[in-house]
Amino acid sequence: MHLQFTWDEEARVAEASVVFGKYLQGWNGVVHGGLISTVLDEAMVKAAGYEGYRCVTAQLSVKFKKPALIDQTYTLKGRILAVNRKIIEAEGSVVAGDGAIVAQGGGKLFLVGNEA
């Protein structure tokens with residue numbers, strides 16, 4: 001997806017903007033849910049990377065709150081909740097321009113190294 005993330009050091013949140021084009025729609029005018037899941041996963045893994053961890057996704061859950069529409073700008077956010085021995089717990093969200101949460105995700109990331 002070639003997303004360009006930034007890191008808010010104070011809030012400890014990875015953030016990026018994304019616009020889903022028409023070619024990424026499922027139903028007419030609505031972004032395919034698999035793409036929403038993909039960008040949530042990316043936001044969580046990027047947050048872990050900014051915190052200095054290398055990891056891969058072990059588990060991902062997504063709660064779709066409302067449809068994401070094509071050709072609109074959304075903000076992706078990801079942050080780490082907890083770091084255990086081999087598992088990082090993270091959360092992510094897809095937020096519309098009006099501040100409405102379109103989707104929320106939670107994940108368990110398997111730690112594969114300790115340097116990003």
# chains A, B, ... in the order shown; residues from 1 in each chain; ligands from 1
>>> residues_around(residues="Ser17 in chain A", least_positions_apart="4", cutoff="7 Å", atoms="only C-alpha atoms", output="mmCIF file with C-alpha atoms, in the first residue's frame")
data_model
loop_
_atom_site.group_PDB
_atom_site.id
_atom_site.type_symbol
_atom_site.label_atom_id
_atom_site.label_comp_id
_atom_site.auth_asym_id
_atom_site.auth_seq_id
_atom_site.Cartn_x
_atom_site.Cartn_y
_atom_site.Cartn_z
ATOM 1 C CA THR A 73 -9.157 10.360 3.154
ATOM 2 C CA TYR A 74 -8.833 8.262 6.304
ATOM 3 C CA THR A 75 -6.323 8.426 9.127
ATOM 4 C CA LEU A 76 -4.749 5.203 10.366
#
>>> residues_around(residues="Gly92 in chain A", least_positions_apart="3", cutoff="8 Å", atoms="only C-alpha atoms", output="CSV table (one decimal) with C-alpha atoms, in the first residue's frame")
chain,number,residue,atom,x,y,z
A,40,LEU,CA,-5.0,-1.8,10.5
A,41,ASP,CA,-2.4,-4.6,10.6
A,43,ALA,CA,-0.5,0.5,11.6
A,44,MET,CA,0.0,-1.9,14.5
A,76,LEU,CA,-4.7,5.2,10.4
A,77,LYS,CA,-3.5,5.0,13.9
A,78,GLY,CA,-1.6,2.2,15.7
A,79,ARG,CA,-0.2,1.8,19.1
A,104,GLN,CA,-11.0,-0.8,15.1
A,105,GLY,CA,-8.5,-3.6,15.3
A,106,GLY,CA,-6.6,-5.5,17.9
>>> atom_distance(atom1="CA of Tyr53 in chain A", atom2="CA of Glu9 in chain A")
15.2 Å
>>> atom_distance(atom1="CA of Ser37 in chain A", atom2="CA of Gly52 in chain A")
23.0 Å
>>> select_by_dssp(residues="chain A", states="alpha helix (DSSP H)", output="list of chain:residue names")
A:Gly33, A:Gly34, A:Leu35, A:Ile36, A:Ser37, A:Thr38, A:Val39, A:Leu40, A:Asp41, A:Glu42, A:Ala43, A:Met44, A:Val45, A:Lys46, A:Ala47, A:Ala48, A:Gly49, A:Tyr50
>>> write_last_selection(atoms="N, CA and C atoms", output="mmCIF file, in the first residue's frame")
data_model
loop_
_atom_site.group_PDB
_atom_site.id
_atom_site.type_symbol
_atom_site.label_atom_id
_atom_site.label_comp_id
_atom_site.auth_asym_id
_atom_site.auth_seq_id
_atom_site.Cartn_x
_atom_site.Cartn_y
_atom_site.Cartn_z
ATOM 1 N N GLY A 33 -13.422 -4.881 2.863
ATOM 2 C CA GLY A 33 -13.042 -5.082 4.258
ATOM 3 C C GLY A 33 -11.659 -5.672 4.444
ATOM 4 N N GLY A 34 -11.210 -6.452 3.494
ATOM 5 C CA GLY A 34 -9.862 -7.009 3.579
ATOM 6 C C GLY A 34 -8.795 -5.935 3.537
ATOM 7 N N LEU A 35 -9.056 -4.860 2.813
ATOM 8 C CA LEU A 35 -8.109 -3.751 2.766
ATOM 9 C C LEU A 35 -8.097 -2.987 4.079
ATOM 10 N N ILE A 36 -9.248 -2.839 4.687
ATOM 11 C CA ILE A 36 -9.319 -2.186 5.997
ATOM 12 C C ILE A 36 -8.501 -3.013 7.000
ATOM 13 N N SER A 37 -8.670 -4.320 6.965
ATOM 14 C CA SER A 37 -7.909 -5.203 7.852
ATOM 15 C C SER A 37 -6.413 -5.080 7.600
ATOM 16 N N THR A 38 -6.037 -4.988 6.345
ATOM 17 C CA THR A 38 -4.631 -4.876 5.976
ATOM 18 C C THR A 38 -3.994 -3.610 6.532
ATOM 19 N N VAL A 39 -4.677 -2.467 6.390
ATOM 20 C CA VAL A 39 -4.072 -1.223 6.864
ATOM 21 C C VAL A 39 -4.065 -1.151 8.397
ATOM 22 N N LEU A 40 -5.040 -1.767 9.056
ATOM 23 C CA LEU A 40 -5.004 -1.850 10.523
ATOM 24 C C LEU A 40 -3.794 -2.663 10.968
ATOM 25 N N ASP A 41 -3.576 -3.782 10.318
ATOM 26 C CA ASP A 41 -2.414 -4.624 10.614
ATOM 27 C C ASP A 41 -1.129 -3.827 10.432
ATOM 28 N N GLU A 42 -1.037 -3.108 9.341
ATOM 29 C CA GLU A 42 0.163 -2.316 9.049
ATOM 30 C C GLU A 42 0.394 -1.252 10.119
ATOM 31 N N ALA A 43 -0.666 -0.582 10.549
ATOM 32 C CA ALA A 43 -0.530 0.467 11.567
ATOM 33 C C ALA A 43 0.000 -0.105 12.882
ATOM 34 N N MET A 44 -0.477 -1.273 13.261
ATOM 35 C CA MET A 44 -0.025 -1.888 14.511
ATOM 36 C C MET A 44 1.437 -2.329 14.416
ATOM 37 N N VAL A 45 1.803 -2.937 13.305
ATOM 38 C CA VAL A 45 3.186 -3.385 13.123
ATOM 39 C C VAL A 45 4.131 -2.186 13.034
ATOM 40 N N LYS A 46 3.700 -1.111 12.382
ATOM 41 C CA LYS A 46 4.536 0.095 12.305
ATOM 42 C C LYS A 46 4.749 0.688 13.693
ATOM 43 N N ALA A 47 3.702 0.700 14.524
ATOM 44 C CA ALA A 47 3.856 1.205 15.894
ATOM 45 C C ALA A 47 4.910 0.389 16.630
ATOM 46 N N ALA A 48 4.867 -0.909 16.479
ATOM 47 C CA ALA A 48 5.873 -1.768 17.112
ATOM 48 C C ALA A 48 7.258 -1.439 16.580
ATOM 49 N N GLY A 49 7.362 -1.202 15.286
ATOM 50 C CA GLY A 49 8.653 -0.843 14.690
ATOM 51 C C GLY A 49 9.193 0.461 15.242
ATOM 52 N N TYR A 50 8.342 1.450 15.381
ATOM 53 C CA TYR A 50 8.781 2.723 15.955
ATOM 54 C C TYR A 50 9.229 2.563 17.404
#
>>> select_by_dssp(residues="range 41-90 of chain A", states="strand (DSSP E)", output="list in words")
Arg54, Cys55, Val56, Thr57, Ala58, Gln59, Leu60, Ser61, Val62, Lys63, Phe64, Thr73, Tyr74, Thr75, Leu76, Lys77, Gly78, Arg79, Ile80, Leu81, Ala82, Val83, Ile87, Ile88, Glu89 and Ala90 of chain A
>>> write_last_selection(atoms="C-alpha atoms", output="mmCIF file, in the first residue's frame")
data_model
loop_
_atom_site.group_PDB
_atom_site.id
_atom_site.type_symbol
_atom_site.label_atom_id
_atom_site.label_comp_id
_atom_site.auth_asym_id
_atom_site.auth_seq_id
_atom_site.Cartn_x
_atom_site.Cartn_y
_atom_site.Cartn_z
ATOM 1 C CA ARG A 54 10.568 -6.454 14.858
ATOM 2 C CA CYS A 55 7.457 -8.559 14.700
ATOM 3 C CA VAL A 56 4.925 -10.331 12.527
ATOM 4 C CA THR A 57 1.212 -10.639 13.089
ATOM 5 C CA ALA A 58 0.131 -13.673 15.085
ATOM 6 C CA GLN A 59 -3.524 -12.729 15.543
ATOM 7 C CA LEU A 60 -5.729 -9.959 14.176
ATOM 8 C CA SER A 61 -9.293 -9.026 15.038
ATOM 9 C CA VAL A 62 -11.274 -6.271 13.359
ATOM 10 C CA LYS A 63 -14.510 -4.595 14.324
ATOM 11 C CA PHE A 64 -16.119 -2.751 11.424
ATOM 12 C CA THR A 73 -9.157 10.360 3.154
ATOM 13 C CA TYR A 74 -8.833 8.262 6.304
ATOM 14 C CA THR A 75 -6.323 8.426 9.127
ATOM 15 C CA LEU A 76 -4.749 5.203 10.366
ATOM 16 C CA LYS A 77 -3.523 4.960 13.933
ATOM 17 C CA GLY A 78 -1.619 2.201 15.672
ATOM 18 C CA ARG A 79 -0.187 1.842 19.138
ATOM 19 C CA ILE A 80 1.314 -0.741 21.457
ATOM 20 C CA LEU A 81 -0.679 -1.747 24.525
ATOM 21 C CA ALA A 82 1.646 -4.274 26.167
ATOM 22 C CA VAL A 83 4.890 -6.128 25.571
ATOM 23 C CA ILE A 87 3.995 -11.252 22.161
ATOM 24 C CA ILE A 88 3.191 -7.580 21.675
ATOM 25 C CA GLU A 89 -0.428 -6.523 22.097
ATOM 26 C CA ALA A 90 -1.480 -3.631 19.881
#
>>> atom_distance(atom1="CA of Val112 in chain A", atom2="CA of Glu15 in chain A")
22.8 Å
>>> closest_residue(among="A:Glu51, A:Met1, A:Ala16, A:Gly107", to="Val95 in chain A", atoms="only C-alpha atoms")
A:Ala16
>>> closest_residue(among="A:Glu91, A:Leu111, A:Ile101, A:Arg85", to="Arg12 in chain A", atoms="only C-alpha atoms")
A:Glu91
>>> closest_residue(among="A:Thr6, A:Val94, A:Ala103, A:Ala68", to="Trp27 in chain A", atoms="only C-alpha atoms")
A:Ala68
>>> decode(residues="range 6-113 of chain A", atoms="C-alpha atoms", output="PDB file, in the first residue's frame")
ATOM      1  CA  THR A   6       4.798   9.188  11.065  1.00  0.00           C
ATOM      2  CA  TRP A   7       5.476   8.686  14.752  1.00  0.00           C
ATOM      3  CA  ASP A   8       3.964  10.859  17.473  1.00  0.00           C
ATOM      4  CA  GLU A   9       6.555  10.388  20.211  1.00  0.00           C
ATOM      5  CA  GLU A  10       4.452  12.001  22.922  1.00  0.00           C
ATOM      6  CA  ALA A  11       1.257  10.033  22.207  1.00  0.00           C
ATOM      7  CA  ARG A  12       3.269   6.947  21.118  1.00  0.00           C
ATOM      8  CA  VAL A  13       1.077   6.520  18.035  1.00  0.00           C
ATOM      9  CA  ALA A  14       2.003   5.598  14.459  1.00  0.00           C
ATOM     10  CA  GLU A  15      -0.162   7.514  12.002  1.00  0.00           C
ATOM     11  CA  ALA A  16      -0.726   7.638   8.246  1.00  0.00           C
ATOM     12  CA  SER A  17      -3.282   8.939   5.783  1.00  0.00           C
ATOM     13  CA  VAL A  18      -4.822   6.751   3.133  1.00  0.00           C
ATOM     14  CA  VAL A  19      -7.242   7.195   0.249  1.00  0.00           C
ATOM     15  CA  PHE A  20      -8.726   3.999  -1.158  1.00  0.00           C
ATOM     16  CA  GLY A  21      -9.256   4.184  -4.918  1.00  0.00           C
ATOM     17  CA  LYS A  22     -12.165   2.705  -6.837  1.00  0.00           C
ATOM     18  CA  TYR A  23     -10.126  -0.389  -7.724  1.00  0.00           C
ATOM     19  CA  LEU A  24     -10.111  -1.287  -3.985  1.00  0.00           C
ATOM     20  CA  GLN A  25     -13.866  -1.406  -3.573  1.00  0.00           C
ATOM     21  CA  GLY A  26     -15.881  -4.453  -2.584  1.00  0.00           C
ATOM     22  CA  TRP A  27     -19.455  -3.256  -3.000  1.00  0.00           C
ATOM     23  CA  ASN A  28     -20.034  -0.232  -5.213  1.00  0.00           C
ATOM     24  CA  GLY A  29     -18.387   2.760  -3.534  1.00  0.00           C
ATOM     25  CA  VAL A  30     -17.346   0.837  -0.402  1.00  0.00           C
ATOM     26  CA  VAL A  31     -13.772  -0.184   0.424  1.00  0.00           C
ATOM     27  CA  HIS A  32     -13.253  -3.956   0.618  1.00  0.00           C
ATOM     28  CA  GLY A  33     -13.042  -5.082   4.258  1.00  0.00           C
ATOM     29  CA  GLY A  34      -9.862  -7.009   3.579  1.00  0.00           C
ATOM     30  CA  LEU A  35      -8.109  -3.751   2.766  1.00  0.00           C
ATOM     31  CA  ILE A  36      -9.319  -2.186   5.997  1.00  0.00           C
ATOM     32  CA  SER A  37      -7.909  -5.203   7.852  1.00  0.00           C
ATOM     33  CA  THR A  38      -4.631  -4.876   5.976  1.00  0.00           C
ATOM     34  CA  VAL A  39      -4.072  -1.223   6.864  1.00  0.00           C
ATOM     35  CA  LEU A  40      -5.004  -1.850  10.523  1.00  0.00           C
ATOM     36  CA  ASP A  41      -2.414  -4.624  10.614  1.00  0.00           C
ATOM     37  CA  GLU A  42       0.163  -2.316   9.049  1.00  0.00           C
ATOM     38  CA  ALA A  43      -0.530   0.467  11.567  1.00  0.00           C
ATOM     39  CA  MET A  44      -0.025  -1.888  14.511  1.00  0.00           C
ATOM     40  CA  VAL A  45       3.186  -3.385  13.123  1.00  0.00           C
ATOM     41  CA  LYS A  46       4.536   0.095  12.305  1.00  0.00           C
ATOM     42  CA  ALA A  47       3.856   1.205  15.894  1.00  0.00           C
ATOM     43  CA  ALA A  48       5.873  -1.768  17.112  1.00  0.00           C
ATOM     44  CA  GLY A  49       8.653  -0.843  14.690  1.00  0.00           C
ATOM     45  CA  TYR A  50       8.781   2.723  15.955  1.00  0.00           C
ATOM     46  CA  GLU A  51       9.047   1.320  19.492  1.00  0.00           C
ATOM     47  CA  GLY A  52      12.075  -0.715  18.355  1.00  0.00           C
ATOM     48  CA  TYR A  53      10.507  -4.149  17.885  1.00  0.00           C
ATOM     49  CA  ARG A  54      10.568  -6.454  14.858  1.00  0.00           C
ATOM     50  CA  CYS A  55       7.457  -8.559  14.700  1.00  0.00           C
ATOM     51  CA  VAL A  56       4.925 -10.331  12.527  1.00  0.00           C
ATOM     52  CA  THR A  57       1.212 -10.639  13.089  1.00  0.00           C
ATOM     53  CA  ALA A  58       0.131 -13.673  15.085  1.00  0.00           C
ATOM     54  CA  GLN A  59      -3.524 -12.729  15.543  1.00  0.00           C
ATOM     55  CA  LEU A  60      -5.729  -9.959  14.176  1.00  0.00           C
ATOM     56  CA  SER A  61      -9.293  -9.026  15.038  1.00  0.00           C
ATOM     57  CA  VAL A  62     -11.274  -6.271  13.359  1.00  0.00           C
ATOM     58  CA  LYS A  63     -14.510  -4.595  14.324  1.00  0.00           C
ATOM     59  CA  PHE A  64     -16.119  -2.751  11.424  1.00  0.00           C
ATOM     60  CA  LYS A  65     -18.144   0.197  12.714  1.00  0.00           C
ATOM     61  CA  LYS A  66     -19.296   1.742   9.431  1.00  0.00           C
ATOM     62  CA  PRO A  67     -18.421   1.404   5.749  1.00  0.00           C
ATOM     63  CA  ALA A  68     -15.304   3.126   4.471  1.00  0.00           C
ATOM     64  CA  LEU A  69     -15.996   4.882   1.191  1.00  0.00           C
ATOM     65  CA  ILE A  70     -13.683   5.043  -1.804  1.00  0.00           C
ATOM     66  CA  ASP A  71     -11.913   8.282  -2.734  1.00  0.00           C
ATOM     67  CA  GLN A  72     -12.058   9.709   0.809  1.00  0.00           C
ATOM     68  CA  THR A  73      -9.157  10.360   3.154  1.00  0.00           C
ATOM     69  CA  TYR A  74      -8.833   8.262   6.304  1.00  0.00           C
ATOM     70  CA  THR A  75      -6.323   8.426   9.127  1.00  0.00           C
ATOM     71  CA  LEU A  76      -4.749   5.203  10.366  1.00  0.00           C
ATOM     72  CA  LYS A  77      -3.523   4.960  13.933  1.00  0.00           C
ATOM     73  CA  GLY A  78      -1.619   2.201  15.672  1.00  0.00           C
ATOM     74  CA  ARG A  79      -0.187   1.842  19.138  1.00  0.00           C
ATOM     75  CA  ILE A  80       1.314  -0.741  21.457  1.00  0.00           C
ATOM     76  CA  LEU A  81      -0.679  -1.747  24.525  1.00  0.00           C
ATOM     77  CA  ALA A  82       1.646  -4.274  26.167  1.00  0.00           C
ATOM     78  CA  VAL A  83       4.890  -6.128  25.571  1.00  0.00           C
ATOM     79  CA  ASN A  84       5.229  -9.616  26.954  1.00  0.00           C
ATOM     80  CA  ARG A  85       8.019 -12.124  26.513  1.00  0.00           C
ATOM     81  CA  LYS A  86       7.299 -13.025  22.873  1.00  0.00           C
ATOM     82  CA  ILE A  87       3.995 -11.252  22.161  1.00  0.00           C
ATOM     83  CA  ILE A  88       3.191  -7.580  21.675  1.00  0.00           C
ATOM     84  CA  GLU A  89      -0.428  -6.523  22.097  1.00  0.00           C
ATOM     85  CA  ALA A  90      -1.480  -3.631  19.881  1.00  0.00           C
ATOM     86  CA  GLU A  91      -4.519  -1.727  18.690  1.00  0.00           C
ATOM     87  CA  GLY A  92      -5.332   0.262  15.596  1.00  0.00           C
ATOM     88  CA  SER A  93      -8.086   2.386  14.140  1.00  0.00           C
ATOM     89  CA  VAL A  94      -9.278   3.792  10.839  1.00  0.00           C
ATOM     90  CA  VAL A  95     -10.718   7.273  11.348  1.00  0.00           C
ATOM     91  CA  ALA A  96     -12.786   9.296   8.855  1.00  0.00           C
ATOM     92  CA  GLY A  97     -12.215  12.993   8.231  1.00  0.00           C
ATOM     93  CA  ASP A  98     -15.096  13.896  10.537  1.00  0.00           C
ATOM     94  CA  GLY A  99     -13.499  11.930  13.381  1.00  0.00           C
ATOM     95  CA  ALA A 100     -15.837   8.936  13.140  1.00  0.00           C
ATOM     96  CA  ILE A 101     -14.159   5.589  13.754  1.00  0.00           C
ATOM     97  CA  VAL A 102     -14.723   3.376  10.721  1.00  0.00           C
ATOM     98  CA  ALA A 103     -12.946   0.300  12.074  1.00  0.00           C
ATOM     99  CA  GLN A 104     -10.950  -0.781  15.103  1.00  0.00           C
ATOM    100  CA  GLY A 105      -8.510  -3.621  15.328  1.00  0.00           C
ATOM    101  CA  GLY A 106      -6.611  -5.513  17.933  1.00  0.00           C
ATOM    102  CA  GLY A 107      -3.631  -7.698  17.381  1.00  0.00           C
ATOM    103  CA  LYS A 108      -1.072  -9.945  18.901  1.00  0.00           C
ATOM    104  CA  LEU A 109       2.279  -9.535  17.232  1.00  0.00           C
ATOM    105  CA  PHE A 110       4.899 -12.239  17.484  1.00  0.00           C
ATOM    106  CA  LEU A 111       8.252 -10.777  18.417  1.00  0.00           C
ATOM    107  CA  VAL A 112      11.005 -11.916  16.007  1.00  0.00           C
ATOM    108  CA  GLY A 113      13.743  -9.545  17.134  1.00  0.00           C
TER     109      GLY A 113
END
